[in-house]
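So this one's query.txt, compact mmCIF, C-alpha atoms:
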```txt
# COMPACT_ATOMS: atom_id res chain seq x y z
CA MET A 155 31.65 -5.34 -9.85
CA ALA A 156 32.09 -9.06 -9.91
CA VAL A 157 32.19 -10.81 -13.23
CA MET A 158 29.66 -13.60 -13.58
CA ASN A 159 30.93 -17.13 -13.43
CA VAL A 160 30.56 -18.13 -17.09
CA ASN A 161 32.60 -19.82 -19.79
CA PRO A 162 34.21 -17.26 -22.12
CA THR A 163 32.70 -18.57 -25.35
CA ARG A 164 31.03 -16.87 -28.30
CA MET A 165 27.75 -18.60 -27.47
CA GLN A 166 27.78 -17.16 -23.98
CA LEU A 167 28.75 -13.74 -25.30
CA SER A 168 25.81 -13.46 -27.67
CA LYS A 169 23.46 -14.77 -24.96
CA LEU A 170 24.71 -12.15 -22.51
CA LYS A 171 24.38 -9.39 -25.08
CA LYS A 172 20.74 -10.32 -25.59
CA GLN A 173 20.18 -10.37 -21.84
CA LEU A 174 21.78 -6.96 -21.50
CA VAL A 175 19.44 -5.51 -24.11
CA THR A 176 16.45 -6.98 -22.27
CA ALA A 177 17.72 -5.68 -18.94
CA VAL A 178 18.21 -2.18 -20.30
CA ARG A 179 14.76 -2.14 -21.83
CA GLY A 180 13.20 -3.52 -18.62
CA HIS A 181 15.04 -0.92 -16.60
CA LYS A 182 13.67 1.88 -18.73
CA MET A 183 10.13 0.60 -18.52
CA LEU A 184 10.25 0.03 -14.76
CA LYS A 185 11.68 3.49 -14.31
CA ASP A 186 8.78 4.96 -16.25
CA LYS A 187 6.35 2.91 -14.19
CA ARG A 188 7.93 4.10 -10.97
CA ASP A 189 7.79 7.74 -12.03
CA GLU A 190 4.16 7.58 -13.07
CA LEU A 191 3.14 5.67 -9.93
CA MET A 192 4.96 8.21 -7.82
CA ARG A 193 3.18 11.11 -9.51
CA GLN A 194 -0.24 9.55 -8.96
CA PHE A 195 0.64 8.49 -5.43
CA LEU A 196 1.73 11.95 -4.34
CA GLU A 197 -1.43 13.44 -5.80
CA LEU A 198 -3.53 10.89 -3.94
CA VAL A 199 -1.66 11.38 -0.69
CA ARG A 200 -2.24 15.13 -0.77
CA GLU A 201 -5.93 14.59 -1.36
CA THR A 202 -6.08 11.97 1.38
CA ARG A 203 -4.34 14.25 3.84
CA ASP A 204 -6.89 17.01 3.30
CA LEU A 205 -9.78 14.56 3.47
CA ARG A 206 -8.47 13.04 6.68
CA GLU A 207 -8.10 16.41 8.34
CA GLN A 208 -11.65 17.26 7.38
CA VAL A 209 -13.06 13.90 8.52
CA GLU A 210 -11.24 14.07 11.83
CA ARG A 211 -12.60 17.54 12.47
CA GLU A 212 -16.12 16.38 11.71
CA LEU A 213 -15.79 13.25 13.83
CA LEU A 214 -14.68 15.40 16.70
CA LEU A 215 -17.84 17.44 16.29
CA CYS A 216 -19.91 14.24 16.23
CA ASN A 217 -18.31 13.17 19.47
CA ASP A 218 -19.17 16.54 20.97
CA HIS A 219 -22.78 16.04 19.95
CA PHE A 220 -22.83 12.61 21.55
CA VAL A 221 -21.35 14.02 24.73
CA ASN A 222 -24.11 16.64 24.73
CA ALA A 223 -26.70 13.94 24.20
CA SER A 224 -25.37 11.82 27.02
CA ALA A 225 -25.43 14.89 29.26
CA VAL A 226 -29.18 15.31 28.91
CA MET A 227 -30.16 11.65 28.63
CA SER A 228 -29.45 8.79 30.95
CA LYS A 229 -26.90 6.27 29.74
CA GLN A 230 -29.49 3.49 29.62
CA ALA A 231 -31.90 5.58 27.57
CA LEU A 232 -29.15 6.61 25.17
CA ASP A 233 -27.79 3.13 24.68
CA GLY A 234 -31.31 1.78 24.37
CA SER A 235 -32.22 4.23 21.64
CA LEU A 236 -29.21 3.24 19.56
CA LEU A 237 -29.48 -0.46 20.29
CA SER A 238 -31.55 -1.66 17.35
CA PRO A 239 -30.44 0.05 14.16
CA LYS A 240 -32.83 0.28 11.22
CA GLN A 241 -30.27 1.20 8.66
CA GLN A 242 -27.60 -1.09 7.27
CA ILE A 243 -24.88 -0.08 4.86
CA SER A 244 -23.40 -2.53 2.43
CA VAL A 245 -20.38 -1.89 0.29
CA GLU A 246 -19.87 -3.16 -3.21
CA VAL A 247 -16.13 -3.66 -3.68
CA GLY A 248 -14.85 -3.00 -7.17
CA SER A 249 -11.28 -2.51 -8.26
CA LYS A 250 -9.43 -0.18 -10.52
CA ASN A 251 -6.09 -0.91 -12.07
CA VAL A 252 -3.60 1.92 -11.76
CA MET A 253 -0.22 1.06 -13.29
CA SER A 254 -0.68 -2.64 -12.43
CA VAL A 255 -1.79 -1.90 -8.86
CA ASP A 256 -5.34 -2.96 -8.05
CA ILE A 257 -6.89 -0.27 -5.90
CA PRO A 258 -10.33 -0.69 -4.32
CA GLN A 259 -13.44 1.23 -5.28
CA PHE A 260 -16.19 1.26 -2.68
CA GLU A 261 -19.80 1.73 -3.74
CA THR A 262 -22.18 2.03 -0.83
CA ASN A 263 -25.78 0.93 -0.72
CA THR A 264 -28.20 1.45 2.11
CA ARG A 265 -30.75 -1.16 3.02
CA THR A 266 -33.60 1.32 3.01
CA ALA A 267 -33.67 4.29 0.72
CA ASP A 268 -35.38 6.54 3.25
CA LYS A 269 -33.00 9.13 4.71
CA GLY A 270 -35.01 9.23 7.92
CA ASP A 271 -34.15 5.65 8.72
CA ILE A 272 -30.96 6.71 10.38
CA PHE A 273 -33.01 7.33 13.53
CA PRO A 274 -33.55 3.96 15.12
CA TYR A 275 -35.75 5.45 17.85
CA GLY A 276 -38.99 7.35 18.31
CA PHE A 277 -38.62 11.06 18.86
CA ALA A 278 -40.89 11.20 21.87
CA PHE A 279 -38.48 10.10 24.57
CA THR A 280 -35.14 11.22 23.21
CA SER A 281 -33.48 14.60 23.21
CA PHE A 282 -32.79 16.64 20.10
CA GLU A 283 -29.08 16.54 20.91
CA LEU A 284 -29.12 12.88 20.01
CA ASP A 285 -30.76 13.72 16.67
CA ASP A 286 -28.00 16.23 16.01
CA ALA A 287 -25.37 13.66 16.85
CA VAL A 288 -26.84 11.03 14.54
CA ILE A 289 -27.34 13.51 11.70
CA SER A 290 -23.78 14.79 11.95
CA LEU A 291 -22.48 11.23 11.90
CA ASP A 292 -24.58 10.45 8.86
CA ARG A 293 -23.15 13.47 7.09
CA VAL A 294 -19.55 12.48 7.71
CA LEU A 295 -20.13 8.87 6.63
CA PRO A 296 -19.66 9.26 2.84
CA ASP A 297 -16.36 11.03 3.44
CA LEU A 298 -15.36 8.39 5.95
CA ILE A 299 -15.87 5.67 3.35
CA LYS A 300 -14.05 7.69 0.73
CA LEU A 301 -11.20 8.11 3.20
CA ALA A 302 -11.03 4.34 3.65
CA GLN A 303 -10.81 3.89 -0.11
CA TYR A 304 -8.12 6.55 -0.49
CA GLU A 305 -6.02 5.34 2.41
CA LYS A 306 -6.13 1.73 1.27
CA SER A 307 -5.11 2.89 -2.22
CA CYS A 308 -2.20 4.84 -0.72
CA GLU A 309 -1.14 1.78 1.24
CA LEU A 310 -1.21 -0.52 -1.78
CA MET A 311 0.48 2.01 -4.04
CA SER A 312 3.27 2.76 -1.61
CA ALA A 313 4.06 -0.95 -1.36
CA GLU A 314 4.13 -1.25 -5.15
CA ILE A 315 6.35 1.82 -5.51
CA GLU A 316 8.80 0.40 -3.02
CA LYS A 317 8.91 -2.88 -4.90
CA THR A 318 9.38 -1.15 -8.26
CA ARG A 319 12.06 1.11 -6.86
CA ARG A 320 14.01 -1.87 -5.61
CA ARG A 321 13.75 -3.54 -8.99
CA VAL A 322 14.90 -0.40 -10.80
CA ASN A 323 17.84 0.00 -8.45
CA SER A 324 18.89 -3.61 -8.67
CA LEU A 325 18.78 -3.46 -12.47
CA GLU A 326 20.60 -0.16 -12.62
CA HIS A 327 23.31 -0.79 -10.07
CA VAL A 328 23.76 -4.56 -10.06
CA MET A 329 22.42 -6.44 -13.04
CA ILE A 330 23.34 -4.11 -15.90
CA PRO A 331 26.92 -3.37 -14.71
CA ARG A 332 27.43 -7.06 -14.14
CA TYR A 333 26.34 -7.93 -17.66
CA GLN A 334 28.53 -5.20 -19.10
CA GLU A 335 31.55 -6.36 -17.13
CA THR A 336 31.02 -9.96 -18.14
CA ILE A 337 30.60 -9.06 -21.79
CA LYS A 338 33.81 -7.05 -21.63
CA TYR A 339 35.59 -9.91 -19.88
CA ILE A 340 34.49 -12.47 -22.46
CA SER A 341 35.32 -10.33 -25.48
CA MET A 342 38.75 -9.56 -24.04
CA LYS A 343 39.33 -13.21 -23.32
CA LEU A 344 38.31 -14.09 -26.89
CA GLU A 345 40.61 -11.46 -28.34
CA GLU A 346 43.41 -12.72 -26.18
CA ASN A 347 42.83 -16.26 -27.41
CA ASP A 348 42.79 -14.95 -30.93
CA ARG A 349 46.10 -13.20 -30.51
CA SER A 350 47.73 -16.13 -28.83
CA SER A 351 46.69 -18.51 -31.59
CA ARG A 352 47.88 -16.04 -34.21
CA THR A 353 51.36 -15.76 -32.71
CA ARG A 354 51.47 -19.51 -32.34
CA LEU A 355 50.68 -19.89 -36.03
CA MET A 356 53.34 -17.37 -36.98
CA LYS A 357 55.83 -19.20 -34.85
CA VAL A 358 54.93 -22.53 -36.39
CA LYS A 359 55.14 -21.05 -39.87
CA ASP A 360 58.61 -19.76 -39.09
CA MET A 361 59.67 -23.13 -37.82
CA LEU A 362 58.33 -24.90 -40.92
CA LEU A 363 59.99 -22.44 -43.32
CA ASP A 364 63.20 -22.78 -41.40
CA LYS A 365 63.07 -26.52 -41.73
CA ALA A 366 62.35 -26.39 -45.49
CA HIS A 367 64.76 -23.65 -46.61
CA GLY A 368 67.10 -23.11 -43.75
CA TYR A 369 66.48 -19.34 -43.51
CA SER A 370 67.85 -19.05 -40.03
CA GLU A 371 71.20 -20.41 -41.28
CA GLN A 372 71.32 -17.81 -44.06
CA TYR A 373 70.77 -14.80 -41.80
CA LYS A 374 73.25 -15.78 -39.21
CA MET B 5 -19.86 -9.01 -3.61
CA ALA B 6 -21.59 -6.83 -1.06
CA LYS B 7 -19.71 -6.45 2.17
CA ASN B 8 -20.34 -4.52 5.34
CA ILE B 9 -18.44 -1.99 7.37
CA ALA B 10 -17.29 -2.68 10.92
CA VAL B 11 -16.15 -0.40 13.72
CA ILE B 12 -14.09 -1.65 16.66
CA GLY B 13 -13.33 0.46 19.69
CA ASP B 14 -14.45 1.48 23.11
CA GLY B 15 -18.23 1.59 23.43
CA GLU B 16 -18.35 5.30 24.16
CA SER B 17 -16.59 6.24 20.93
CA ILE B 18 -18.41 4.03 18.49
CA LYS B 19 -21.99 3.58 19.66
CA GLY B 20 -23.30 6.23 17.26
CA PHE B 21 -22.09 4.36 14.21
CA SER B 22 -24.67 1.64 14.63
CA ALA B 23 -27.45 4.17 13.96
CA VAL B 24 -26.09 5.09 10.54
CA GLY B 25 -25.77 1.47 9.44
CA LEU B 26 -22.33 0.25 10.45
CA ASP B 27 -21.71 -2.90 12.48
CA ILE B 28 -20.18 -2.02 15.81
CA PHE B 29 -18.01 -4.22 17.99
CA PRO B 30 -17.56 -2.48 21.34
CA CYS B 31 -14.48 -3.70 23.14
CA ASP B 32 -12.74 -1.87 25.96
CA ASP B 33 -9.69 -4.08 26.29
CA PRO B 34 -7.12 -3.44 23.50
CA ALA B 35 -5.75 -7.00 23.63
CA GLU B 36 -9.25 -8.40 23.30
CA ALA B 37 -9.92 -5.97 20.45
CA ALA B 38 -6.90 -7.23 18.54
CA LYS B 39 -8.30 -10.76 18.66
CA LEU B 40 -11.68 -9.46 17.65
CA LEU B 41 -10.12 -7.65 14.71
CA ARG B 42 -8.49 -10.83 13.54
CA ARG B 43 -11.72 -12.75 13.80
CA ILE B 44 -13.85 -10.32 11.86
CA ALA B 45 -11.14 -9.56 9.29
CA ASP B 46 -10.74 -13.27 8.57
CA SER B 47 -14.48 -13.72 8.20
CA ASP B 48 -14.14 -11.65 5.00
CA ASN B 49 -17.54 -10.05 5.43
CA TYR B 50 -16.20 -6.57 5.87
CA ALA B 51 -14.80 -4.22 3.24
CA VAL B 52 -13.75 -1.58 5.74
CA ILE B 53 -12.89 -1.92 9.42
CA TYR B 54 -12.55 1.31 11.35
CA LEU B 55 -10.52 1.13 14.54
CA THR B 56 -10.28 3.77 17.20
CA GLU B 57 -6.73 5.01 17.52
CA LEU B 58 -6.19 3.17 20.79
CA VAL B 59 -7.11 -0.18 19.27
CA TYR B 60 -5.27 0.61 16.06
CA ASN B 61 -2.00 1.20 17.87
CA SER B 62 -2.26 -1.92 19.99
CA ALA B 63 -3.13 -4.28 17.14
CA GLU B 64 -0.06 -3.75 15.03
CA LYS B 65 0.72 -7.42 14.50
CA GLU B 66 -2.84 -8.29 13.49
CA ARG B 67 -3.02 -5.40 11.06
CA GLY B 68 0.11 -6.49 9.24
CA ARG B 69 -1.62 -9.56 7.88
CA TYR B 70 -4.08 -7.48 5.85
CA GLU B 71 -1.74 -4.79 4.56
CA ASP B 72 -1.31 -6.14 1.05
CA ARG B 73 -4.91 -7.25 0.57
CA MET B 74 -7.51 -5.06 -1.03
CA THR B 75 -10.10 -5.76 1.66
CA PRO B 76 -10.51 -5.25 4.52
CA ALA B 77 -9.20 -1.70 4.61
CA ILE B 78 -8.21 -1.08 8.21
CA ILE B 79 -8.51 2.61 8.99
CA PRO B 80 -7.83 4.45 12.26
CA ILE B 81 -10.35 7.05 13.45
CA PRO B 82 -10.13 9.32 16.49
CA GLY B 83 -12.20 8.22 19.49
CA VAL B 84 -13.72 10.24 22.32
CA THR B 85 -10.33 10.53 23.96
CA GLY B 86 -9.25 12.90 21.22
CA ASN B 87 -6.97 12.85 18.25
CA SER B 88 -3.47 11.46 18.66
CA GLN B 89 -2.42 12.02 15.02
CA THR B 90 -2.27 8.29 14.32
CA GLY B 91 -3.86 8.69 10.90
CA ARG B 92 -1.46 11.41 9.94
CA ARG B 93 1.51 9.35 11.05
CA ARG B 94 0.19 6.42 9.05
CA LEU B 95 -0.04 8.48 5.87
CA SER B 96 3.39 9.92 6.46
CA GLY B 97 4.65 6.33 6.83
CA PHE B 98 3.26 5.51 3.38
CA VAL B 99 5.04 8.51 1.86
CA GLU B 100 8.24 7.50 3.56
CA LYS B 101 7.95 3.97 2.26
CA ALA B 102 7.30 5.11 -1.30
CA VAL B 103 9.61 8.09 -1.63
CA GLY B 104 12.33 7.25 0.88
CA SER B 105 11.75 10.32 3.00
CA ASP B 106 8.67 12.20 4.04
CA ILE B 107 8.25 15.10 1.65
CA ILE B 108 4.60 15.87 2.38
CA PHE B 109 4.18 16.07 6.15
CA ASN B 110 7.49 17.54 7.16
CA ASN B 111 6.26 21.11 7.42
```
Serialized structure, structure tokens:
Amino acid sequence: MAVMNVNPTRMQLSKLKKQLVTAVRGHKMLKDKRDELMRQFLELVRETRDLREQVERELLLCNDHFVNASAVMSKQALDGSLLSPKQQISVEVGSKNVMSVDIPQFETNTRTADKGDIFPYGFAFTSFELDDAVISLDRVLPDLIKLAQYEKSCELMSAEIEKTRRRVNSLEHVMIPRYQETIKYISMKLEENDRSSRTRLMKVKDMLLDKAHGYSEQYK
Amino acid sequence: MAKNIAVIGDGESIKGFSAVGLDIFPCDDPAEAAKLLRRIADSDNYAVIYLTELVYNSAEKERGRYEDRMTPAIIPIPGVTGNSQTGRRRLSGFVEKAVGSDIIFNN
């Protein structure tokens, strides 16, 4: 791992040591965040998978009903009956914060409270197959909206997990080793400087003593 | 803020949704539907936009713009032509993105 391009000074060393402590703490916290997000995500995905399978099965049934209806009614009559809807669904979008990810919460309201308002046509000139089709669609609708909420949450959470995972990995495998290496490099450099100045001092001391008392002459 | 729900797809698949209170946008040409998706997603009136699988698969570029936003949630649903497992693949893609490999759908 490459050593950072820094001056080997004591100032820099203490700064790097502080940064290393922060990085290690951040790494631990991000790792915890990732693990918890992952746990919740996997739970949600399993639920979503089951819900989707159920919704798709029900939608298939709805389509069958509509095919039945179009078999007994003319296309114009069928389209005409569905042309002017009475009911209107509005969604109140709230949000919930799960481990710093905002996931949507959908609350549905219908324009009219009457359940029967899902039939935008009179019953006199339409077939009961069409009623079946509309009823089955109305039944699957709450699940369909829940599915939208779940899937969007999965989408947002998976993006956040990916981001967190990258951060954890970059801290673990790049930043922290780099700090450690640099700290080691600086402290070794400082020790080296220390030793070199010590030997220089000893040498100078020898030279001075020699000059004053002539030791080197005596031991010859 | 109250928003609505939209459905885009071929007319045959989605006409029933208007009865139960959803806004439908029938569109038989996938390229046209992609433009339509962009228009109604940008209008910000819709919390959820359901797309039939055919439209969903052909509007990949348009969908990408809304991936990291909370609304609209763009969700594929099977149309009259049957189920092509698009929704399942989408979920499995999320798992793969989060975990690194698909550990839920690989059975």
Figure out the distance between atom CA of B:Ala51 and atom CA of A:Val245, please, to one decimal in Å.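 Separating atom CA of A:Val245 from atom CA of B:Ala51 is a distance of 6.7 Å.
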For chain A, work out the contacting residues on chain B at 7 Å, counting all atoms listed in the file, and write them as a list in words.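 So the contacting residues turn out to be Met5, Ala6, Lys7, Asn8, Gly20, Ser22, Ala23, Val24, Gly25, Leu26, Ala51, Val52, Asp72, Met74, Ala77, Ile79, Pro82, Val84, Phe98, Val99, Lys101 and Ala102 of chain B.
Atom pair atom CA of B:Ile53 / atom CA of B:Lys65 has a distance of 15.5 Å (rounded to one decimal).
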Atom CA of A:Met253 sits from atom CA of A:Lys187 at a separation of 6.9 Å
List every protein, DNA or RNA residue that has an atom no more than 10 Å from (-11.2, 0.8, 22.3) in the file's coordinate frame, counting only C-alpha atoms, and report them as a count of residues only. 28
Contact residues around stretch 329-334 of chain A with only C-alpha atoms at 7 Å, ignoring same-chain residues under 6 positions, as a PyMOL selection string: chain A and resi 155-158+170+174+177
Between A:Leu198, A:Val358, A:Glu346, A:Arg179, which has the minimum distance to B:Leu95 (counting only C-alpha atoms)?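 Answer, going by the shortest atom-to-atom distance: A:Leu198.
Using only C-alpha atoms, the nearest neighbour of A:Asp186 within the list A:Val322, A:Ser350, A:Ser290, A:Lys343 is A:Val322.
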Between A:Arg352, A:Met361, A:Leu344, A:Ile337, which one has atoms that come closest to A:Leu167, using only C-alpha atoms?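 Using only C-alpha atoms, A:Leu167 sits closest to A:Ile337.
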At most 9 Å from (-14.8, -7.1, 11.5), file frame, all atoms listed in the file: which residues, as a PyMOL selection string? chain B and resi 8-12+27-29+40-54+76
Residues just named, written with C-alpha atoms as a PDB file, in the coordinates of the input:
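selection_33.pdb written:
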```
ATOM      1  CA  ASN B   8     -20.340  -4.520   5.340  1.00  0.00           C
ATOM      2  CA  ILE B   9     -18.440  -1.990   7.370  1.00  0.00           C
ATOM      3  CA  ALA B  10     -17.290  -2.680  10.920  1.00  0.00           C
ATOM      4  CA  VAL B  11     -16.150  -0.400  13.720  1.00  0.00           C
ATOM      5  CA  ILE B  12     -14.090  -1.650  16.660  1.00  0.00           C
ATOM      6  CA  ASP B  27     -21.710  -2.900  12.480  1.00  0.00           C
ATOM      7  CA  ILE B  28     -20.180  -2.020  15.810  1.00  0.00           C
ATOM      8  CA  PHE B  29     -18.010  -4.220  17.990  1.00  0.00           C
ATOM      9  CA  LEU B  40     -11.680  -9.460  17.650  1.00  0.00           C
ATOM     10  CA  LEU B  41     -10.120  -7.650  14.710  1.00  0.00           C
ATOM     11  CA  ARG B  42      -8.490 -10.830  13.540  1.00  0.00           C
ATOM     12  CA  ARG B  43     -11.720 -12.750  13.800  1.00  0.00           C
ATOM     13  CA  ILE B  44     -13.850 -10.320  11.860  1.00  0.00           C
ATOM     14  CA  ALA B  45     -11.140  -9.560   9.290  1.00  0.00           C
ATOM     15  CA  ASP B  46     -10.740 -13.270   8.570  1.00  0.00           C
ATOM     16  CA  SER B  47     -14.480 -13.720   8.200  1.00  0.00           C
ATOM     17  CA  ASP B  48     -14.140 -11.650   5.000  1.00  0.00           C
ATOM     18  CA  ASN B  49     -17.540 -10.050   5.430  1.00  0.00           C
ATOM     19  CA  TYR B  50     -16.200  -6.570   5.870  1.00  0.00           C
ATOM     20  CA  ALA B  51     -14.800  -4.220   3.240  1.00  0.00           C
ATOM     21  CA  VAL B  52     -13.750  -1.580   5.740  1.00  0.00           C
ATOM     22  CA  ILE B  53     -12.890  -1.920   9.420  1.00  0.00           C
ATOM     23  CA  TYR B  54     -12.550   1.310  11.350  1.00  0.00           C
ATOM     24  CA  PRO B  76     -10.510  -5.250   4.520  1.00  0.00           C
TER      25      PRO B  76
END
```
Is it possible to add N, CA and C atoms to stretch 80-91 of chain B and hand it back as a JSON list (two decimals), in the frame of the given file?
```json
[["chain", "number", "residue", "atom", "x", "y", "z"],
["B", 80, "PRO", "N", -7.69, 3.89, 10.92],
["B", 80, "PRO", "CA", -7.83, 4.45, 12.26],
["B", 80, "PRO", "C", -8.72, 5.70, 12.26],
["B", 81, "ILE", "N", -9.56, 5.82, 13.29],
["B", 81, "ILE", "CA", -10.35, 7.05, 13.45],
["B", 81, "ILE", "C", -10.18, 7.54, 14.89],
["B", 82, "PRO", "N", -10.26, 8.83, 15.12],
["B", 82, "PRO", "CA", -10.13, 9.32, 16.49],
["B", 82, "PRO", "C", -11.34, 8.93, 17.34],
["B", 83, "GLY", "N", -11.10, 8.57, 18.59],
["B", 83, "GLY", "CA", -12.20, 8.22, 19.49],
["B", 83, "GLY", "C", -12.56, 9.39, 20.38],
["B", 84, "VAL", "N", -13.33, 9.13, 21.44],
["B", 84, "VAL", "CA", -13.72, 10.24, 22.32],
["B", 84, "VAL", "C", -12.54, 10.83, 23.08],
["B", 85, "THR", "N", -11.48, 10.04, 23.20],
["B", 85, "THR", "CA", -10.33, 10.53, 23.96],
["B", 85, "THR", "C", -9.53, 11.58, 23.21],
["B", 86, "GLY", "N", -9.92, 11.85, 21.98],
["B", 86, "GLY", "CA", -9.25, 12.90, 21.22],
["B", 86, "GLY", "C", -8.34, 12.33, 20.16],
["B", 87, "ASN", "N", -7.76, 13.24, 19.41],
["B", 87, "ASN", "CA", -6.97, 12.85, 18.25],
["B", 87, "ASN", "C", -5.50, 12.75, 18.61],
["B", 88, "SER", "N", -4.90, 11.60, 18.34],
["B", 88, "SER", "CA", -3.47, 11.46, 18.66],
["B", 88, "SER", "C", -2.63, 11.42, 17.39],
["B", 89, "GLN", "N", -3.18, 11.90, 16.28],
["B", 89, "GLN", "CA", -2.42, 12.02, 15.02],
["B", 89, "GLN", "C", -1.98, 10.68, 14.45],
["B", 90, "THR", "N", -2.67, 9.60, 14.85],
["B", 90, "THR", "CA", -2.27, 8.29, 14.32],
["B", 90, "THR", "C", -2.46, 8.21, 12.82],
["B", 91, "GLY", "N", -3.58, 8.75, 12.34],
["B", 91, "GLY", "CA", -3.86, 8.69, 10.90],
["B", 91, "GLY", "C", -2.84, 9.45, 10.10]]
```
